[in-house]
Amino acid sequence: MRRMAVFILFALFGAGIAPAAFAQDAEVVLRIGLTQDWETLNPAAGFAVSEYEIWNVHYATLTDKAADDFAPIGGLAESWVPSNDGLTYTYTLRDGLKWSDGEPLTAEDVAWNVNTSRDQEWDNMLSTVINLDAKVIDDRTVEITSSVPDPKLPNMDIYLVPKHIWEPIATDYDSTVEYDGLDGVGSGPFVISEFTKGQSVVMVANPNYWGWEGETPPIDRVIFQTFANPDAMVAALQQGELDAIHGFPAGSAATLEADPNIEVVAGRQGGFDEIAINGGAVVGQPHPALLDLEVRRAISFAVDKEAVIEDLWFGLAGPLETMSPGADEAKWIPEIPADKAFTYDPDRANQILDDAGYLDTDGDGVREMPDGTNPIVLRHAVNTDGDLAGPIGELFTGWMQAIGIGVELASYDQDALFGVIIEGDYDTFFWGWVPFVDPDPMLSYFTEAELESYNDANWTDPRYEELYLEQKVELDPQRRIDIVHEMLTIFHDAAIYIPMYLGPDLQAYRTDTFEGWVRQPAEVGPVMFSNSSPSYRLLRPVGSEAAGDSNDGTNWVLIGGLVAIVVVGGALAVARRKSTADDRE
Amino acid sequence: MTSLAMQRRRATAGRVLGQFRSSKQGVIGFSVLLVFVVIALAAPLLADVRELNPVYARASGNPQWASPGEFGALGTDHLRRSVWVQFVWGSRVSLFVGLAATILTISIGSVVGIVSGFVGGRPDAFLMRITEWFLVIPFLPLAIVLASILGRNVWNIILVIGVTSWPSTARLLRAQVLTVKQRLFVDRARSLGAGNGHLVARHILPNVSGLILANATLAVPISILTETTLSFLGLGDPSSPSWGKTLEEAFVNGAMVRNAWWYFLPAGLGILIVVLAFTLIGRTLEEIADPRLGRSR
């Protein structure tokens, strides 16, 4: 008992001392947990959602995207004017722009990025810059001309890397993508200071970021920490070791919602999961039955999407009939008429297979090809790095069993699965996409040009191809939407993808540490890991409003002390940058 | 000659059995194991295999995450499947993999150990360097790499365990063969014209068989634990419901967070008890084969 009392005294005493000592250099730190790791922080080479988020914070872009609706707004450029023919845009940069290392950021940087990424075909930038040419008019003026009408302009959301650092490195494609990208020189609200693969990315405030508008950044550091186990991440948020988490399991949503200091966000930005069927267009050897549309239709009818939404997402995901190509779901996804939709109906699936002549001639429960040979057994690839791939694989086995199709599950980690997909050495697999704002990249994946690359259904269609080229240069917004809808209807009818659901990004943040989280797009979107992640510039430590405009630092010390006690993390604000949040998860 | 030898062997078997029966730990281990073997063999009678199919489980109206009181003997999981059914069928896979991998381990280990010890010289040096090579490579990383390369099905898992865990058996047997080889009766047999094959089959092997048996029994729990480890790390066969896979699925799908103890506890305890049973039996056999162990206790 006495020992306990001593301990408590000590604890109180210690607590009294600690903040005082701490407050002198109290840092405001924002800590964010995620379950994905980073392969590379080089924006010319990476492709994971985790990597896009770092670039969203590290690099400012020429035009930014509005948090509400992705409309182009001022970024590094404060204004732009189109030419009469709509092919050329002249951008005027803000006055006094600097990189985080103090070097001036000029029109020369912008033009070099556009032209070099086009010439060297940097993967991330190519779909934006392929038809563009940039010309420096003066330090603050750059002219960008497209060789064809481009509905994406004036949006210019590629990450701009510092020319003075990259020019000697980026001599050709290979040397560019091999670079580690850890120079730490950026133009966004925070810049990379430390990267430990498998652990964390530490970013420090960039006082030269234009969006601070001369004020001291309210957050000193942002730490992104990756967790191998999502449950550990959830626990860290509950205990206040993290300020926000991204990508937690749907099963934890109810627990987190019950915590009064935690806000849960099921952010929708067009992301969806699907089961892809190998269409055998060029490479690989899918089971021959899959080349028959009737078999693919039967498989689509046999998949119970409702069960997945109900049991694995606890109702948090939305229904989906064809792929979702852009961040604005309502705009780009066409209505598929009920009589064409693949609504769960195993009896109908069996009927289709019977009618098409795929019968179980030897009575072993597995159908054979119409000539009685080659039982239909599908190789379903399971991504061991995906949380839902395992359960989906087991469900898929069950669904297929009900219509007399066998399934062999084969596990791969994500890197190995990429290889299998490129080689076309699979029949089906479960995967997820988060599309860009503009539907063009997602639509481009199912063209011939992307075979043996992003075309992971290994499928092409001549009409789809034609329409793709049409929408790419269609400047009338409504007409373009109609073309995209037609493409997606063709895609749906081909039954090459089984779109499972529109999946939300499950995120949660503590309401007692930082405030100012903003959803992108408005109301339905996520608060981070979004298309341009505007939250980082707007976040402030809770209760710092009064201190916000005083620059003498005194209040900051007090607040810093309080924050150090209450929270572990710090805050940060971010700039709005635009960037693209593409990708494969 | 033959009948004499058979008589002698029968007598030895009887003596071993007698000693085993008088050992409390041996009897307990054996009885416990028997229960699990019966469960594994009777799986089709005890649990409807269709219940392993999540589509069937949903169609038959099973609740999700039901606790043991709410559904069946052991509740249900995230895909509405009965945990009892997974436990029963999982015992089959776990025991099968454990035994099969042990046979492989012991076969490789025995051949290498006996050849090495008996032949000596350069072959011995060569085999022992290979054995040491396998001994110094950290076991788990090697198993993980092999499992990733070979692909994930039950046979490959057996192969991985067999290939990675034989070296200690080989070293142990080599040492034993070296002592046996020095005994007078080996020299006598040799001077009477016995060839190497005869010597190994008739004189060496019978004298190390007890050790092989004891070692095999002790290798089973290691194999089971390895299978569990690999499955838990996501490297198991995705279509076999082993106990390790049950643990992995429970862990990945948030059973710990929701306190769904009924999902992981049965498989965890199953592994613990079976491993303990094999260890008890193995210890007992080891004491019989090498009486010094018994006395020193």
# chains A, B, ... in the order shown; residues from 1 in each chain; ligands from 1
>>> interface_residues(of="chain A", to="chain B", cutoff="10 Å", atoms="only C-alpha atoms", output="PyMOL selection string")
chain A and resi 229-232+234-235+249-252+255+303-304+307-308+311-312+382+384-385+387-388+390-402+407-413+416
>>> residues_around(residues="region 341-350 of chain A", least_positions_apart="4", cutoff="8 Å", atoms="only C-alpha atoms", output="NGL selection string")
:A and (297-305 or 321 or 336-337 or 354 or 402-404)
>>> atom_distance(atom1="CA of Phe20 (chain B)", atom2="CA of Val35 (chain B)")
18.3 Å
>>> residues_around(residues="Pro68 (chain B)", least_positions_apart="5", cutoff="9 Å", atoms="only C-alpha atoms", output="VMD selection string")
chain B and resid 73 to 76 83 262
>>> atom_distance(atom1="CA of Gln36 (chain A)", atom2="CA of Asp505 (chain A)")
12.9 Å
>>> atom_distance(atom1="CA of Val377 (chain A)", atom2="CA of Tyr501 (chain A)")
25.2 Å
>>> select_by_dssp(residues="region 69-144 of chain A", states="helix (DSSP H, G or I)", output="JSON, numbers by chain")
{"A": [107, 108, 109, 110, 111, 112, 113, 114, 115, 116, 117, 118, 119, 120, 123, 124, 125, 126, 127, 128, 129]}
>>> write_last_selection(atoms="C-alpha atoms", output="mmCIF file, in the first residue's frame")
data_model
loop_
_atom_site.group_PDB
_atom_site.id
_atom_site.type_symbol
_atom_site.label_atom_id
_atom_site.label_comp_id
_atom_site.auth_asym_id
_atom_site.auth_seq_id
_atom_site.Cartn_x
_atom_site.Cartn_y
_atom_site.Cartn_z
ATOM 1 C CA ALA A 107 8.300 27.849 -64.832
ATOM 2 C CA GLU A 108 11.502 26.074 -65.835
ATOM 3 C CA ASP A 109 10.777 23.351 -63.218
ATOM 4 C CA VAL A 110 7.251 22.876 -64.562
ATOM 5 C CA ALA A 111 8.276 22.677 -68.210
ATOM 6 C CA TRP A 112 11.170 20.319 -67.471
ATOM 7 C CA ASN A 113 8.836 17.940 -65.605
ATOM 8 C CA VAL A 114 6.184 17.863 -68.340
ATOM 9 C CA ASN A 115 8.641 17.395 -71.189
ATOM 10 C CA THR A 116 11.002 14.981 -69.449
ATOM 11 C CA SER A 117 8.276 12.728 -68.055
ATOM 12 C CA ARG A 118 6.742 12.601 -71.547
ATOM 13 C CA ASP A 119 10.030 11.843 -73.303
ATOM 14 C CA GLN A 120 11.167 9.269 -70.743
ATOM 15 C CA ASP A 123 4.672 5.574 -65.618
ATOM 16 C CA ASN A 124 2.773 7.801 -63.244
ATOM 17 C CA MET A 125 2.773 10.897 -65.401
ATOM 18 C CA LEU A 126 2.474 9.431 -68.868
ATOM 19 C CA SER A 127 -1.304 9.305 -69.243
ATOM 20 C CA THR A 128 -1.439 13.020 -68.352
ATOM 21 C CA VAL A 129 1.483 14.350 -70.367
#
>>> residues_around(residues="region 445-453 of chain A", least_positions_apart="6", cutoff="7 Å", atoms="only C-alpha atoms", output="list in words")
Ile422, Glu423, Trp459, Thr460 and Glu465 of chain A
>>> residues_around(residues="Ala244 (chain A)", least_positions_apart="4", cutoff="7 Å", atoms="only C-alpha atoms", output="list in words")
Arg31, Ile32, Gly33, Leu237, Ala508, Tyr509 and Arg510 of chain A
>>> decode(residues="region 77-203 of chain A", atoms="C-alpha atoms", output="compact mmCIF listing (two decimals), in the first residue's frame")
# COMPACT_ATOMS: atom_id res chain seq x y z
CA ALA A 77 -0.26 28.35 -60.52
CA GLU A 78 -2.51 31.15 -59.33
CA SER A 79 -4.30 31.50 -62.67
CA TRP A 80 -4.48 30.16 -66.21
CA VAL A 81 -6.01 31.19 -69.54
CA PRO A 82 -7.00 28.89 -72.41
CA SER A 83 -6.27 29.70 -76.03
CA ASN A 84 -9.16 30.13 -78.47
CA ASP A 85 -8.83 26.62 -79.86
CA GLY A 86 -8.76 25.14 -76.34
CA LEU A 87 -5.49 23.30 -77.02
CA THR A 88 -3.14 25.62 -75.14
CA TYR A 89 -3.24 26.84 -71.55
CA THR A 90 -0.98 29.56 -70.19
CA TYR A 91 -0.37 29.22 -66.46
CA THR A 92 0.90 32.01 -64.20
CA LEU A 93 2.83 30.84 -61.14
CA ARG A 94 2.52 32.43 -57.71
CA ASP A 95 5.11 35.02 -56.78
CA GLY A 96 8.17 33.92 -54.79
CA LEU A 97 7.71 30.15 -54.92
CA LYS A 98 10.55 28.16 -53.39
CA TRP A 99 11.48 24.51 -52.96
CA SER A 100 11.92 23.30 -49.38
CA ASP A 101 15.70 23.75 -49.75
CA GLY A 102 15.27 27.43 -50.60
CA GLU A 103 15.92 27.18 -54.34
CA PRO A 104 13.42 29.15 -56.45
CA LEU A 105 10.60 27.11 -58.05
CA THR A 106 10.04 28.50 -61.53
CA ALA A 107 8.30 27.85 -64.83
CA GLU A 108 11.50 26.07 -65.83
CA ASP A 109 10.78 23.35 -63.22
CA VAL A 110 7.25 22.88 -64.56
CA ALA A 111 8.28 22.68 -68.21
CA TRP A 112 11.17 20.32 -67.47
CA ASN A 113 8.84 17.94 -65.60
CA VAL A 114 6.18 17.86 -68.34
CA ASN A 115 8.64 17.40 -71.19
CA THR A 116 11.00 14.98 -69.45
CA SER A 117 8.28 12.73 -68.06
CA ARG A 118 6.74 12.60 -71.55
CA ASP A 119 10.03 11.84 -73.30
CA GLN A 120 11.17 9.27 -70.74
CA GLU A 121 7.63 7.85 -70.32
CA TRP A 122 7.46 8.00 -66.51
CA ASP A 123 4.67 5.57 -65.62
CA ASN A 124 2.77 7.80 -63.24
CA MET A 125 2.77 10.90 -65.40
CA LEU A 126 2.47 9.43 -68.87
CA SER A 127 -1.30 9.31 -69.24
CA THR A 128 -1.44 13.02 -68.35
CA VAL A 129 1.48 14.35 -70.37
CA ILE A 130 1.56 12.04 -73.39
CA ASN A 131 0.14 14.67 -75.77
CA LEU A 132 1.47 17.75 -74.00
CA ASP A 133 4.32 20.10 -74.65
CA ALA A 134 5.42 22.79 -72.19
CA LYS A 135 7.21 26.01 -73.02
CA VAL A 136 8.71 28.54 -70.63
CA ILE A 137 7.57 32.09 -71.34
CA ASP A 138 9.24 33.69 -68.32
CA ASP A 139 10.06 32.68 -64.73
CA ARG A 140 6.42 32.77 -63.69
CA THR A 141 4.70 31.84 -66.94
CA VAL A 142 4.49 28.46 -68.62
CA GLU A 143 2.52 27.52 -71.72
CA ILE A 144 1.22 23.97 -72.07
CA THR A 145 -0.05 22.82 -75.45
CA SER A 146 -1.84 19.57 -76.22
CA SER A 147 -1.56 18.08 -79.70
CA VAL A 148 -5.16 16.79 -79.46
CA PRO A 149 -8.25 18.15 -77.67
CA ASP A 150 -7.78 17.11 -74.01
CA PRO A 151 -10.79 17.10 -71.68
CA LYS A 152 -8.50 16.83 -68.64
CA LEU A 153 -7.01 20.34 -69.08
CA PRO A 154 -6.57 22.79 -67.41
CA ASN A 155 -6.05 20.20 -64.69
CA MET A 156 -2.29 19.65 -64.31
CA ASP A 157 -1.90 17.35 -61.38
CA ILE A 158 1.40 15.56 -62.00
CA TYR A 159 3.88 15.63 -59.14
CA LEU A 160 6.57 18.18 -59.98
CA VAL A 161 10.02 17.09 -58.86
CA PRO A 162 12.83 19.64 -58.34
CA LYS A 163 14.71 20.05 -61.61
CA HIS A 164 17.91 21.16 -59.86
CA ILE A 165 18.10 17.81 -58.04
CA TRP A 166 16.61 15.49 -60.64
CA GLU A 167 18.11 16.73 -63.89
CA PRO A 168 21.49 15.03 -63.34
CA ILE A 169 19.78 11.84 -62.11
CA ALA A 170 17.02 11.50 -64.68
CA THR A 171 19.05 10.86 -67.78
CA ASP A 172 16.77 8.14 -69.11
CA TYR A 173 13.81 5.99 -68.02
CA ASP A 174 15.90 3.35 -66.26
CA SER A 175 18.03 5.72 -64.24
CA THR A 176 14.90 7.68 -63.29
CA VAL A 177 12.90 4.74 -61.96
CA GLU A 178 15.91 3.30 -60.14
CA TYR A 179 16.37 6.50 -58.13
CA ASP A 180 15.23 6.18 -54.51
CA GLY A 181 13.53 9.61 -54.49
CA LEU A 182 14.84 10.38 -51.01
CA ASP A 183 16.38 13.79 -51.73
CA GLY A 184 13.85 15.32 -49.33
CA VAL A 185 13.33 18.38 -51.50
CA GLY A 186 9.67 19.11 -52.08
CA SER A 187 7.16 21.89 -52.48
CA GLY A 188 4.26 20.60 -50.37
CA PRO A 189 3.29 21.29 -46.76
CA PHE A 190 5.58 18.60 -45.36
CA VAL A 191 8.64 16.98 -46.88
CA ILE A 192 10.17 13.55 -46.39
CA SER A 193 12.91 13.47 -43.78
CA GLU A 194 13.22 9.77 -42.98
CA PHE A 195 12.03 6.57 -44.60
CA THR A 196 12.35 3.13 -43.02
CA LYS A 197 10.81 0.44 -45.16
CA GLY A 198 8.36 -1.71 -43.27
CA GLN A 199 8.10 0.91 -40.54
CA SER A 200 7.54 4.57 -41.17
CA VAL A 201 7.88 7.71 -43.22
CA VAL A 202 8.68 10.83 -41.21
CA MET A 203 7.88 14.18 -42.79
